[in-house]
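Source file: upload11.csv. Holds: CSV, N, CA and C atoms and all ligand atoms.
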chain,number,residue,atom,x,y,z
A,1,MET,N,-24.5,-14.8,11.9
A,1,MET,CA,-23.5,-15.1,10.8
A,1,MET,C,-22.4,-15.9,11.5
A,2,SER,N,-22.3,-17.2,11.2
A,2,SER,CA,-21.3,-18.0,11.9
A,2,SER,C,-20.1,-18.3,11.0
A,3,CYS,N,-20.2,-18.0,9.7
A,3,CYS,CA,-19.1,-18.3,8.8
A,3,CYS,C,-17.9,-17.4,9.1
A,4,ILE,N,-16.7,-18.0,9.4
A,4,ILE,CA,-15.6,-17.2,9.8
A,4,ILE,C,-15.1,-16.2,8.7
A,5,PHE,N,-15.2,-16.7,7.5
A,5,PHE,CA,-14.7,-15.8,6.4
A,5,PHE,C,-15.7,-14.7,6.0
A,6,CYS,N,-17.0,-15.0,6.2
A,6,CYS,CA,-18.0,-13.9,6.1
A,6,CYS,C,-17.7,-12.8,7.2
A,7,ARG,N,-17.3,-13.3,8.4
A,7,ARG,CA,-17.1,-12.3,9.5
A,7,ARG,C,-15.8,-11.6,9.2
A,8,ILE,N,-14.8,-12.2,8.6
A,8,ILE,CA,-13.6,-11.5,8.2
A,8,ILE,C,-13.9,-10.5,7.1
A,9,ALA,N,-14.8,-10.9,6.1
A,9,ALA,CA,-15.1,-10.0,5.0
A,9,ALA,C,-15.8,-8.7,5.5
A,10,SER,N,-16.7,-8.9,6.5
A,10,SER,CA,-17.5,-7.8,7.1
A,10,SER,C,-16.6,-6.9,8.0
A,11,GLY,N,-15.4,-7.4,8.4
A,11,GLY,CA,-14.6,-6.7,9.3
A,11,GLY,C,-14.8,-7.0,10.8
A,12,GLU,N,-15.8,-7.9,11.0
A,12,GLU,CA,-16.1,-8.2,12.4
A,12,GLU,C,-15.0,-9.0,13.1
A,13,ILE,N,-14.3,-9.8,12.3
A,13,ILE,CA,-13.0,-10.5,12.8
A,13,ILE,C,-11.9,-9.8,12.1
A,14,PRO,N,-10.9,-9.3,12.8
A,14,PRO,CA,-9.8,-8.6,12.2
A,14,PRO,C,-8.9,-9.5,11.3
A,15,SER,N,-8.4,-8.9,10.3
A,15,SER,CA,-7.4,-9.6,9.5
A,15,SER,C,-6.4,-8.6,8.9
A,16,HIS,N,-5.3,-9.1,8.5
A,16,HIS,CA,-4.3,-8.3,7.9
A,16,HIS,C,-4.5,-8.2,6.4
A,17,ARG,N,-5.2,-7.2,6.0
A,17,ARG,CA,-5.7,-7.1,4.6
A,17,ARG,C,-4.6,-6.7,3.6
A,18,VAL,N,-4.7,-7.3,2.4
A,18,VAL,CA,-3.7,-6.9,1.4
A,18,VAL,C,-4.4,-6.1,0.3
A,19,LEU,N,-5.7,-6.5,0.0
A,19,LEU,CA,-6.5,-5.6,-0.9
A,19,LEU,C,-8.0,-5.9,-0.6
A,20,GLU,N,-8.8,-5.0,-1.0
A,20,GLU,CA,-10.2,-5.2,-1.0
A,20,GLU,C,-10.9,-4.5,-2.1
A,21,THR,N,-11.9,-5.1,-2.7
A,21,THR,CA,-12.7,-4.4,-3.7
A,21,THR,C,-14.2,-4.6,-3.3
A,22,GLU,N,-15.0,-4.1,-4.2
A,22,GLU,CA,-16.5,-4.3,-3.9
A,22,GLU,C,-16.9,-5.7,-3.6
A,23,ASN,N,-16.2,-6.6,-4.3
A,23,ASN,CA,-16.7,-8.0,-4.3
A,23,ASN,C,-15.7,-9.0,-3.7
A,24,VAL,N,-14.4,-8.7,-3.5
A,24,VAL,CA,-13.5,-9.6,-3.0
A,24,VAL,C,-12.6,-9.0,-1.9
A,25,VAL,N,-12.1,-9.8,-1.0
A,25,VAL,CA,-11.1,-9.3,0.1
A,25,VAL,C,-9.9,-10.3,0.1
A,26,ALA,N,-8.7,-9.8,0.3
A,26,ALA,CA,-7.5,-10.6,0.4
A,26,ALA,C,-6.8,-10.3,1.7
A,27,PHE,N,-6.4,-11.3,2.4
A,27,PHE,CA,-5.7,-11.1,3.7
A,27,PHE,C,-4.7,-12.2,3.9
A,28,HIS,N,-3.8,-11.9,4.8
A,28,HIS,CA,-2.7,-12.9,5.1
A,28,HIS,C,-3.3,-14.1,5.9
A,29,ASP,N,-2.9,-15.3,5.5
A,29,ASP,CA,-3.3,-16.5,6.2
A,29,ASP,C,-2.6,-16.5,7.6
A,30,LEU,N,-3.4,-17.0,8.6
A,30,LEU,CA,-2.9,-17.0,10.0
A,30,LEU,C,-1.8,-18.0,10.1
A,31,SER,N,-1.8,-19.0,9.3
A,31,SER,CA,-0.8,-20.1,9.4
A,31,SER,C,-0.1,-20.3,8.1
A,32,PRO,N,0.8,-19.4,7.8
A,32,PRO,CA,1.4,-19.3,6.5
A,32,PRO,C,2.2,-20.6,6.1
A,33,GLN,N,2.0,-21.1,4.9
A,33,GLN,CA,2.7,-22.3,4.5
A,33,GLN,C,3.8,-22.0,3.5
A,34,ALA,N,4.1,-20.7,3.3
A,34,ALA,CA,5.1,-20.2,2.4
A,34,ALA,C,5.4,-18.7,2.9
A,35,PRO,N,6.6,-18.2,2.5
A,35,PRO,CA,6.9,-16.8,2.9
A,35,PRO,C,5.7,-15.8,2.6
A,36,ILE,N,5.1,-16.0,1.5
A,36,ILE,CA,3.8,-15.3,1.2
A,36,ILE,C,2.7,-16.3,1.1
A,37,HIS,N,1.7,-16.0,1.9
A,37,HIS,CA,0.5,-16.9,1.9
A,37,HIS,C,-0.7,-16.0,2.2
A,38,VAL,N,-1.4,-15.7,1.1
A,38,VAL,CA,-2.6,-14.8,1.2
A,38,VAL,C,-3.8,-15.6,0.8
A,39,LEU,N,-4.9,-15.3,1.4
A,39,LEU,CA,-6.2,-15.8,1.0
A,39,LEU,C,-7.1,-14.8,0.3
A,40,VAL,N,-7.7,-15.2,-0.8
A,40,VAL,CA,-8.6,-14.2,-1.5
A,40,VAL,C,-10.0,-14.8,-1.5
A,41,ILE,N,-10.9,-14.1,-1.0
A,41,ILE,CA,-12.3,-14.6,-0.8
A,41,ILE,C,-13.3,-13.7,-1.5
A,42,PRO,N,-14.4,-14.2,-1.9
A,42,PRO,CA,-15.5,-13.4,-2.4
A,42,PRO,C,-16.2,-12.9,-1.1
A,43,ARG,N,-16.8,-11.7,-1.1
A,43,ARG,CA,-17.6,-11.2,0.0
A,43,ARG,C,-18.8,-12.0,0.2
A,44,ALA,N,-19.4,-12.4,-1.0
A,44,ALA,CA,-20.6,-13.3,-0.9
A,44,ALA,C,-20.2,-14.7,-0.5
A,45,HIS,N,-21.1,-15.2,0.3
A,45,HIS,CA,-20.9,-16.6,0.8
A,45,HIS,C,-21.2,-17.6,-0.3
A,46,ILE,N,-20.1,-18.1,-0.9
A,46,ILE,CA,-20.2,-19.3,-1.8
A,46,ILE,C,-19.4,-20.3,-1.1
A,47,GLU,N,-20.0,-21.5,-0.9
A,47,GLU,CA,-19.3,-22.5,-0.1
A,47,GLU,C,-18.0,-23.0,-0.6
A,48,SER,N,-18.0,-23.3,-1.9
A,48,SER,CA,-16.7,-23.9,-2.5
A,48,SER,C,-16.9,-23.8,-4.0
A,49,VAL,N,-15.8,-24.2,-4.7
A,49,VAL,CA,-15.9,-24.2,-6.2
A,49,VAL,C,-17.0,-25.2,-6.6
A,50,GLY,N,-17.1,-26.3,-5.8
A,50,GLY,CA,-18.2,-27.3,-6.0
A,50,GLY,C,-19.6,-26.7,-5.9
A,51,ALA,N,-19.7,-25.6,-5.2
A,51,ALA,CA,-21.1,-25.0,-5.0
A,51,ALA,C,-21.3,-23.8,-6.0
A,52,ALA,N,-20.2,-23.5,-6.8
A,52,ALA,CA,-20.3,-22.3,-7.7
A,52,ALA,C,-21.3,-22.6,-8.8
A,53,GLN,N,-22.0,-21.5,-9.2
A,53,GLN,CA,-23.1,-21.6,-10.2
A,53,GLN,C,-22.8,-20.6,-11.3
A,54,PRO,N,-23.4,-20.7,-12.4
A,54,PRO,CA,-23.2,-19.8,-13.6
A,54,PRO,C,-23.3,-18.3,-13.1
A,55,GLU,N,-24.2,-18.0,-12.2
A,55,GLU,CA,-24.3,-16.6,-11.8
A,55,GLU,C,-23.1,-16.0,-11.0
A,56,HIS,N,-22.2,-16.9,-10.6
A,56,HIS,CA,-21.0,-16.5,-9.9
A,56,HIS,C,-19.8,-16.3,-10.8
A,57,ALA,N,-20.0,-16.4,-12.1
A,57,ALA,CA,-18.9,-16.3,-13.1
A,57,ALA,C,-18.1,-15.0,-12.9
A,58,ALA,N,-18.8,-13.9,-12.8
A,58,ALA,CA,-18.1,-12.6,-12.7
A,58,ALA,C,-17.3,-12.5,-11.5
A,59,VAL,N,-17.8,-12.9,-10.3
A,59,VAL,CA,-17.0,-12.8,-9.1
A,59,VAL,C,-15.9,-13.8,-9.1
A,60,LEU,N,-16.0,-15.0,-9.7
A,60,LEU,CA,-14.9,-15.9,-9.8
A,60,LEU,C,-13.8,-15.4,-10.7
A,61,GLY,N,-14.2,-14.6,-11.7
A,61,GLY,CA,-13.2,-14.0,-12.6
A,61,GLY,C,-12.5,-12.9,-11.8
A,62,GLU,N,-13.2,-12.1,-11.0
A,62,GLU,CA,-12.6,-11.1,-10.2
A,62,GLU,C,-11.6,-11.7,-9.1
A,63,LEU,N,-12.0,-12.8,-8.6
A,63,LEU,CA,-11.2,-13.5,-7.6
A,63,LEU,C,-9.8,-13.8,-8.2
A,64,LEU,N,-9.8,-14.4,-9.4
A,64,LEU,CA,-8.6,-14.8,-10.0
A,64,LEU,C,-7.7,-13.5,-10.4
A,65,LEU,N,-8.4,-12.5,-10.8
A,65,LEU,CA,-7.7,-11.2,-11.1
A,65,LEU,C,-7.1,-10.6,-9.8
A,66,ALA,N,-7.9,-10.8,-8.7
A,66,ALA,CA,-7.4,-10.3,-7.4
A,66,ALA,C,-6.1,-11.1,-7.0
A,67,CYS,N,-6.1,-12.4,-7.3
A,67,CYS,CA,-4.9,-13.2,-7.0
A,67,CYS,C,-3.7,-12.6,-7.7
A,68,ARG,N,-3.9,-12.2,-9.0
A,68,ARG,CA,-2.8,-11.6,-9.8
A,68,ARG,C,-2.4,-10.3,-9.2
A,69,GLN,N,-3.4,-9.5,-8.7
A,69,GLN,CA,-3.1,-8.2,-8.1
A,69,GLN,C,-2.3,-8.4,-6.8
A,70,VAL,N,-2.6,-9.4,-6.0
A,70,VAL,CA,-1.9,-9.7,-4.8
A,70,VAL,C,-0.4,-10.0,-5.2
A,71,ALA,N,-0.3,-10.8,-6.2
A,71,ALA,CA,1.1,-11.2,-6.6
A,71,ALA,C,1.9,-10.0,-7.1
A,72,GLU,N,1.2,-9.1,-7.8
A,72,GLU,CA,1.9,-7.9,-8.3
A,72,GLU,C,2.3,-7.0,-7.1
A,73,GLN,N,1.3,-6.8,-6.2
A,73,GLN,CA,1.6,-5.9,-5.0
A,73,GLN,C,2.7,-6.5,-4.1
A,74,LEU,N,2.8,-7.8,-4.0
A,74,LEU,CA,3.8,-8.4,-3.1
A,74,LEU,C,5.1,-8.8,-3.9
A,75,ARG,N,5.1,-8.3,-5.2
A,75,ARG,CA,6.3,-8.4,-6.0
A,75,ARG,C,6.7,-9.8,-6.3
A,76,VAL,N,5.8,-10.7,-6.6
A,76,VAL,CA,6.2,-12.1,-7.0
A,76,VAL,C,5.6,-12.4,-8.4
A,77,LEU,N,5.2,-11.4,-9.1
A,77,LEU,CA,4.6,-11.7,-10.4
A,77,LEU,C,5.6,-12.4,-11.4
A,78,GLU,N,6.9,-11.9,-11.3
A,78,GLU,CA,7.9,-12.5,-12.1
A,78,GLU,C,8.4,-13.8,-11.6
A,79,SER,N,8.7,-13.9,-10.3
A,79,SER,CA,9.3,-15.1,-9.7
A,79,SER,C,8.3,-16.2,-9.7
A,80,GLY,N,7.0,-15.9,-9.7
A,80,GLY,CA,6.0,-17.0,-9.7
A,80,GLY,C,5.3,-17.2,-8.4
A,81,PHE,N,4.1,-17.8,-8.5
A,81,PHE,CA,3.3,-18.0,-7.4
A,81,PHE,C,2.3,-19.2,-7.7
A,82,ARG,N,1.6,-19.7,-6.7
A,82,ARG,CA,0.7,-20.7,-6.9
A,82,ARG,C,-0.7,-20.3,-6.3
A,83,VAL,N,-1.7,-20.6,-7.1
A,83,VAL,CA,-3.1,-20.3,-6.6
A,83,VAL,C,-3.7,-21.7,-6.4
A,84,VAL,N,-4.2,-21.9,-5.2
A,84,VAL,CA,-4.8,-23.2,-4.8
A,84,VAL,C,-6.2,-23.0,-4.3
A,85,LEU,N,-7.2,-23.8,-4.8
A,85,LEU,CA,-8.5,-23.8,-4.3
A,85,LEU,C,-8.9,-25.1,-3.8
A,86,ASN,N,-8.7,-25.4,-2.5
A,86,ASN,CA,-9.0,-26.7,-1.9
A,86,ASN,C,-10.6,-26.8,-1.9
A,87,THR,N,-11.1,-27.9,-2.3
A,87,THR,CA,-12.5,-28.0,-2.4
A,87,THR,C,-13.0,-29.4,-1.8
A,88,GLY,N,-13.8,-29.3,-0.8
A,88,GLY,CA,-14.4,-30.5,-0.2
A,88,GLY,C,-13.4,-31.3,0.6
A,89,PRO,N,-13.9,-32.3,1.3
A,89,PRO,CA,-13.1,-33.0,2.3
A,89,PRO,C,-11.8,-33.6,1.7
A,90,ASN,N,-11.8,-34.3,0.5
A,90,ASN,CA,-10.6,-34.8,0.0
A,90,ASN,C,-9.7,-33.8,-0.6
A,91,GLY,N,-10.3,-32.6,-0.9
A,91,GLY,CA,-9.5,-31.5,-1.4
A,91,GLY,C,-8.8,-30.7,-0.3
A,92,GLY,N,-9.1,-31.1,0.9
A,92,GLY,CA,-8.4,-30.4,2.1
A,92,GLY,C,-9.0,-29.1,2.5
A,93,GLN,N,-10.3,-28.9,2.1
A,93,GLN,CA,-11.0,-27.6,2.5
A,93,GLN,C,-11.4,-27.7,3.9
A,94,THR,N,-11.0,-26.8,4.8
A,94,THR,CA,-11.4,-26.8,6.2
A,94,THR,C,-12.3,-25.6,6.5
A,95,VAL,N,-12.4,-24.6,5.7
A,95,VAL,CA,-13.3,-23.5,5.9
A,95,VAL,C,-14.3,-23.4,4.7
A,96,PRO,N,-15.6,-23.6,5.0
A,96,PRO,CA,-16.5,-23.8,3.9
A,96,PRO,C,-17.0,-22.4,3.4
A,97,HIS,N,-16.1,-21.6,3.0
A,97,HIS,CA,-16.4,-20.3,2.3
A,97,HIS,C,-15.3,-20.3,1.2
A,98,LEU,N,-15.6,-20.3,0.0
A,98,LEU,CA,-14.7,-20.3,-1.1
A,98,LEU,C,-13.5,-19.4,-0.9
A,99,HIS,N,-12.3,-19.9,-1.0
A,99,HIS,CA,-11.1,-19.0,-0.9
A,99,HIS,C,-10.0,-19.6,-1.8
A,100,ALA,N,-9.2,-18.7,-2.4
A,100,ALA,CA,-8.0,-19.0,-3.1
A,100,ALA,C,-6.8,-18.7,-2.3
A,101,HIS,N,-5.9,-19.7,-2.2
A,101,HIS,CA,-4.6,-19.5,-1.5
A,101,HIS,C,-3.7,-18.9,-2.5
A,102,VAL,N,-3.0,-17.8,-2.2
A,102,VAL,CA,-1.9,-17.4,-3.1
A,102,VAL,C,-0.6,-17.6,-2.3
A,103,LEU,N,0.2,-18.6,-2.8
A,103,LEU,CA,1.4,-19.0,-2.2
A,103,LEU,C,2.6,-18.6,-3.0
A,104,ALA,N,3.7,-18.0,-2.4
A,104,ALA,CA,4.8,-17.6,-3.1
A,104,ALA,C,6.0,-17.3,-2.2
A,105,GLY,N,7.2,-17.0,-2.8
A,105,GLY,CA,8.3,-16.6,-2.0
A,105,GLY,C,9.3,-17.8,-1.8
A,106,ARG,N,9.0,-19.0,-2.3
A,106,ARG,CA,9.9,-20.1,-2.3
A,106,ARG,C,9.5,-21.0,-3.4
A,107,HIS,N,10.4,-21.9,-3.8
A,107,HIS,CA,10.1,-22.9,-4.8
A,107,HIS,C,9.1,-23.9,-4.3
A,108,LEU,N,7.9,-24.0,-4.9
A,108,LEU,CA,6.9,-24.9,-4.5
A,108,LEU,C,6.9,-26.2,-5.2
A,109,THR,N,6.9,-27.2,-4.5
A,109,THR,CA,7.1,-28.6,-5.2
A,109,THR,C,5.8,-29.0,-5.8
A,110,TRP,N,6.0,-30.0,-6.7
A,110,TRP,CA,4.8,-30.6,-7.4
A,110,TRP,C,5.1,-32.1,-7.5
A,111,PRO,N,4.2,-33.0,-7.2
A,111,PRO,CA,2.8,-32.8,-6.9
A,111,PRO,C,2.7,-32.3,-5.4
A,112,PRO,N,1.5,-31.7,-5.1
A,112,PRO,CA,1.3,-31.3,-3.7
A,112,PRO,C,1.0,-32.6,-2.9
A,113,GLY,N,1.1,-32.5,-1.6
A,113,GLY,CA,0.9,-33.6,-0.7
A,113,GLY,C,-0.5,-34.1,-0.6
A,201,LIG,P1,-8.4,-24.6,3.6
A,201,LIG,O1,-7.8,-25.6,4.4
A,201,LIG,O2,-8.1,-24.6,2.1
A,201,LIG,O3,-9.9,-24.5,3.9
A,201,LIG,O4,-7.8,-23.2,4.1
A,201,LIG,C1,-8.3,-22.5,5.2
A,201,LIG,C2,-7.2,-21.5,5.6
A,201,LIG,O5,-7.7,-20.5,6.4
A,201,LIG,C3,-6.0,-22.2,6.4
A,201,LIG,O6,-4.8,-22.0,5.6
A,201,LIG,C4,-6.1,-21.4,7.7
A,201,LIG,O7,-4.8,-21.2,8.2
A,201,LIG,C5,-6.7,-20.1,7.3
A,201,LIG,N1,-7.4,-19.4,8.4
A,201,LIG,C6,-8.4,-19.9,9.2
A,201,LIG,N2,-8.8,-18.9,10.0
A,201,LIG,C7,-8.2,-17.8,9.7
A,201,LIG,C8,-8.2,-16.4,10.1
A,201,LIG,N3,-9.0,-16.0,11.1
A,201,LIG,N4,-7.4,-15.5,9.5
A,201,LIG,C9,-6.6,-15.9,8.5
A,201,LIG,N5,-6.5,-17.2,8.0
A,201,LIG,C10,-7.3,-18.1,8.6
A,202,ZN,ZN,-19.0,-17.3,4.5

Any chance you could put this one into structure tokens?
Ligand code: AMP
Ligand code: ZN
Amino acid sequence: MSCIFCRIASGEIPSHRVLETENVVAFHDLSPQAPIHVLVIPRAHIESVGAAQPEHAAVLGELLLACRQVAEQLRVLESGFRVVLNTGPNGGQTVPHLHAHVLAGRHLTWPPG
């Protein structure tokens, strides 16, 4: 198993976990781009949003609800947060295991760079 996020999901590589369920894991990003920067991943290896299939609908829904749960736990539900899914080379995806970034704790500008 060479995928770094599969290895994080299995616990083989340590991470600072925020929450975990049967199907998703959330942990702090190693290189935070905001005061709060958490990654939420499915335990199953889905490469990207571009690779998602109809049978992934339930886990994709769980992923988004886990982002909300992370925001609630870290107390930014009211102040706001951003969920980012970088997909493919032009989308800025560097790790080929689907992950949602939950960014919060400062005003995030738009459009993104
Ligand atoms: P992306 O560029 O959207 O593919 O995001 C990949 C993210 O994974 C980056 O924000 C990295 O800082 C983060 N990252 C890479 N390796 C680790 C790791 N071992 N633990 C936590 N975050 C990581
Ligand atoms: Zn993987």

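Among A:Ala57, A:Leu30, A:Val18, A:Ile13, the residue with the shortest atom-to-atom distance to ligand LIG 201 (chain A), counting only N, CA and C atoms and all ligand atoms, is A:Leu30.
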
Practice item. Check every protein, DNA and RNA residue against ligand ZN 202 (chain A), keep those with an atom at most 6.5 Å away (counting all atoms listed in the file), and present them as number ranges by chain. Key: A: 3-7, 44-46, 96-98

Those residues with N, CA and C atoms, as an mmCIF file, in the coordinates of the input please?
data_model
loop_
_atom_site.group_PDB
_atom_site.id
_atom_site.type_symbol
_atom_site.label_atom_id
_atom_site.label_comp_id
_atom_site.auth_asym_id
_atom_site.auth_seq_id
_atom_site.Cartn_x
_atom_site.Cartn_y
_atom_site.Cartn_z
ATOM 1 N N CYS A 3 -20.200 -18.000 9.700
ATOM 2 C CA CYS A 3 -19.100 -18.300 8.800
ATOM 3 C C CYS A 3 -17.900 -17.400 9.100
ATOM 4 N N ILE A 4 -16.700 -18.000 9.400
ATOM 5 C CA ILE A 4 -15.600 -17.200 9.800
ATOM 6 C C ILE A 4 -15.100 -16.200 8.700
ATOM 7 N N PHE A 5 -15.200 -16.700 7.500
ATOM 8 C CA PHE A 5 -14.700 -15.800 6.400
ATOM 9 C C PHE A 5 -15.700 -14.700 6.000
ATOM 10 N N CYS A 6 -17.000 -15.000 6.200
ATOM 11 C CA CYS A 6 -18.000 -13.900 6.100
ATOM 12 C C CYS A 6 -17.700 -12.800 7.200
ATOM 13 N N ARG A 7 -17.300 -13.300 8.400
ATOM 14 C CA ARG A 7 -17.100 -12.300 9.500
ATOM 15 C C ARG A 7 -15.800 -11.600 9.200
ATOM 16 N N ALA A 44 -19.400 -12.400 -1.000
ATOM 17 C CA ALA A 44 -20.600 -13.300 -0.900
ATOM 18 C C ALA A 44 -20.200 -14.700 -0.500
ATOM 19 N N HIS A 45 -21.100 -15.200 0.300
ATOM 20 C CA HIS A 45 -20.900 -16.600 0.800
ATOM 21 C C HIS A 45 -21.200 -17.600 -0.300
ATOM 22 N N ILE A 46 -20.100 -18.100 -0.900
ATOM 23 C CA ILE A 46 -20.200 -19.300 -1.800
ATOM 24 C C ILE A 46 -19.400 -20.300 -1.100
ATOM 25 N N PRO A 96 -15.600 -23.600 5.000
ATOM 26 C CA PRO A 96 -16.500 -23.800 3.900
ATOM 27 C C PRO A 96 -17.000 -22.400 3.400
ATOM 28 N N HIS A 97 -16.100 -21.600 3.000
ATOM 29 C CA HIS A 97 -16.400 -20.300 2.300
ATOM 30 C C HIS A 97 -15.300 -20.300 1.200
ATOM 31 N N LEU A 98 -15.600 -20.300 0.000
ATOM 32 C CA LEU A 98 -14.700 -20.300 -1.100
ATOM 33 C C LEU A 98 -13.500 -19.400 -0.900
#

Exercise for review: Step by step, measure atom-to-atom distances between ligand LIG 201 (chain A) and each residue using all atoms listed in the file, keep those at most 8 Å, then write them as an MDAnalysis selection string.
Suggested key: chainID A and resid 4:5 8 13:16 27:33 38:39 84:88 91:101

Can I get the selection written as a short mmCIF file (atom, residue, chain, number, x, y, z; two decimals), in the coordinates of the input, with N, CA and C atoms?
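Contents of again_26.cif, freshly written:
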data_model
loop_
_atom_site.label_atom_id
_atom_site.label_comp_id
_atom_site.auth_asym_id
_atom_site.auth_seq_id
_atom_site.Cartn_x
_atom_site.Cartn_y
_atom_site.Cartn_z
N ILE A 4 -16.70 -18.00 9.40
CA ILE A 4 -15.60 -17.20 9.80
C ILE A 4 -15.10 -16.20 8.70
N PHE A 5 -15.20 -16.70 7.50
CA PHE A 5 -14.70 -15.80 6.40
C PHE A 5 -15.70 -14.70 6.00
N ILE A 8 -14.80 -12.20 8.60
CA ILE A 8 -13.60 -11.50 8.20
C ILE A 8 -13.90 -10.50 7.10
N ILE A 13 -14.30 -9.80 12.30
CA ILE A 13 -13.00 -10.50 12.80
C ILE A 13 -11.90 -9.80 12.10
N PRO A 14 -10.90 -9.30 12.80
CA PRO A 14 -9.80 -8.60 12.20
C PRO A 14 -8.90 -9.50 11.30
N SER A 15 -8.40 -8.90 10.30
CA SER A 15 -7.40 -9.60 9.50
C SER A 15 -6.40 -8.60 8.90
N HIS A 16 -5.30 -9.10 8.50
CA HIS A 16 -4.30 -8.30 7.90
C HIS A 16 -4.50 -8.20 6.40
N PHE A 27 -6.40 -11.30 2.40
CA PHE A 27 -5.70 -11.10 3.70
C PHE A 27 -4.70 -12.20 3.90
N HIS A 28 -3.80 -11.90 4.80
CA HIS A 28 -2.70 -12.90 5.10
C HIS A 28 -3.30 -14.10 5.90
N ASP A 29 -2.90 -15.30 5.50
CA ASP A 29 -3.30 -16.50 6.20
C ASP A 29 -2.60 -16.50 7.60
N LEU A 30 -3.40 -17.00 8.60
CA LEU A 30 -2.90 -17.00 10.00
C LEU A 30 -1.80 -18.00 10.10
N SER A 31 -1.80 -19.00 9.30
CA SER A 31 -0.80 -20.10 9.40
C SER A 31 -0.10 -20.30 8.10
N PRO A 32 0.80 -19.40 7.80
CA PRO A 32 1.40 -19.30 6.50
C PRO A 32 2.20 -20.60 6.10
N GLN A 33 2.00 -21.10 4.90
CA GLN A 33 2.70 -22.30 4.50
C GLN A 33 3.80 -22.00 3.50
N VAL A 38 -1.40 -15.70 1.10
CA VAL A 38 -2.60 -14.80 1.20
C VAL A 38 -3.80 -15.60 0.80
N LEU A 39 -4.90 -15.30 1.40
CA LEU A 39 -6.20 -15.80 1.00
C LEU A 39 -7.10 -14.80 0.30
N VAL A 84 -4.20 -21.90 -5.20
CA VAL A 84 -4.80 -23.20 -4.80
C VAL A 84 -6.20 -23.00 -4.30
N LEU A 85 -7.20 -23.80 -4.80
CA LEU A 85 -8.50 -23.80 -4.30
C LEU A 85 -8.90 -25.10 -3.80
N ASN A 86 -8.70 -25.40 -2.50
CA ASN A 86 -9.00 -26.70 -1.90
C ASN A 86 -10.60 -26.80 -1.90
N THR A 87 -11.10 -27.90 -2.30
CA THR A 87 -12.50 -28.00 -2.40
C THR A 87 -13.00 -29.40 -1.80
N GLY A 88 -13.80 -29.30 -0.80
CA GLY A 88 -14.40 -30.50 -0.20
C GLY A 88 -13.40 -31.30 0.60
N GLY A 91 -10.30 -32.60 -0.90
CA GLY A 91 -9.50 -31.50 -1.40
C GLY A 91 -8.80 -30.70 -0.30
N GLY A 92 -9.10 -31.10 0.90
CA GLY A 92 -8.40 -30.40 2.10
C GLY A 92 -9.00 -29.10 2.50
N GLN A 93 -10.30 -28.90 2.10
CA GLN A 93 -11.00 -27.60 2.50
C GLN A 93 -11.40 -27.70 3.90
N THR A 94 -11.00 -26.80 4.80
CA THR A 94 -11.40 -26.80 6.20
C THR A 94 -12.30 -25.60 6.50
N VAL A 95 -12.40 -24.60 5.70
CA VAL A 95 -13.30 -23.50 5.90
C VAL A 95 -14.30 -23.40 4.70
N PRO A 96 -15.60 -23.60 5.00
CA PRO A 96 -16.50 -23.80 3.90
C PRO A 96 -17.00 -22.40 3.40
N HIS A 97 -16.10 -21.60 3.00
CA HIS A 97 -16.40 -20.30 2.30
C HIS A 97 -15.30 -20.30 1.20
N LEU A 98 -15.60 -20.30 0.00
CA LEU A 98 -14.70 -20.30 -1.10
C LEU A 98 -13.50 -19.40 -0.90
N HIS A 99 -12.30 -19.90 -1.00
CA HIS A 99 -11.10 -19.00 -0.90
C HIS A 99 -10.00 -19.60 -1.80
N ALA A 100 -9.20 -18.70 -2.40
CA ALA A 100 -8.00 -19.00 -3.10
C ALA A 100 -6.80 -18.70 -2.30
N HIS A 101 -5.90 -19.70 -2.20
CA HIS A 101 -4.60 -19.50 -1.50
C HIS A 101 -3.70 -18.90 -2.50
#

Exercise for review: Tell me, in Å to one decimal, how far CA of Leu108 in chain A is from atom N of Arg82 in chain A.
Suggested key: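 Here the two named atoms are 7.7 Å from each other.
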
Check your understanding: So how far away is atom N of Glu72 in chain A from atom N of Pro42 in chain A, in Å?
Key ->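 Going from atom N of Pro42 in chain A over to atom N of Glu72 in chain A, I get 17.4 Å.
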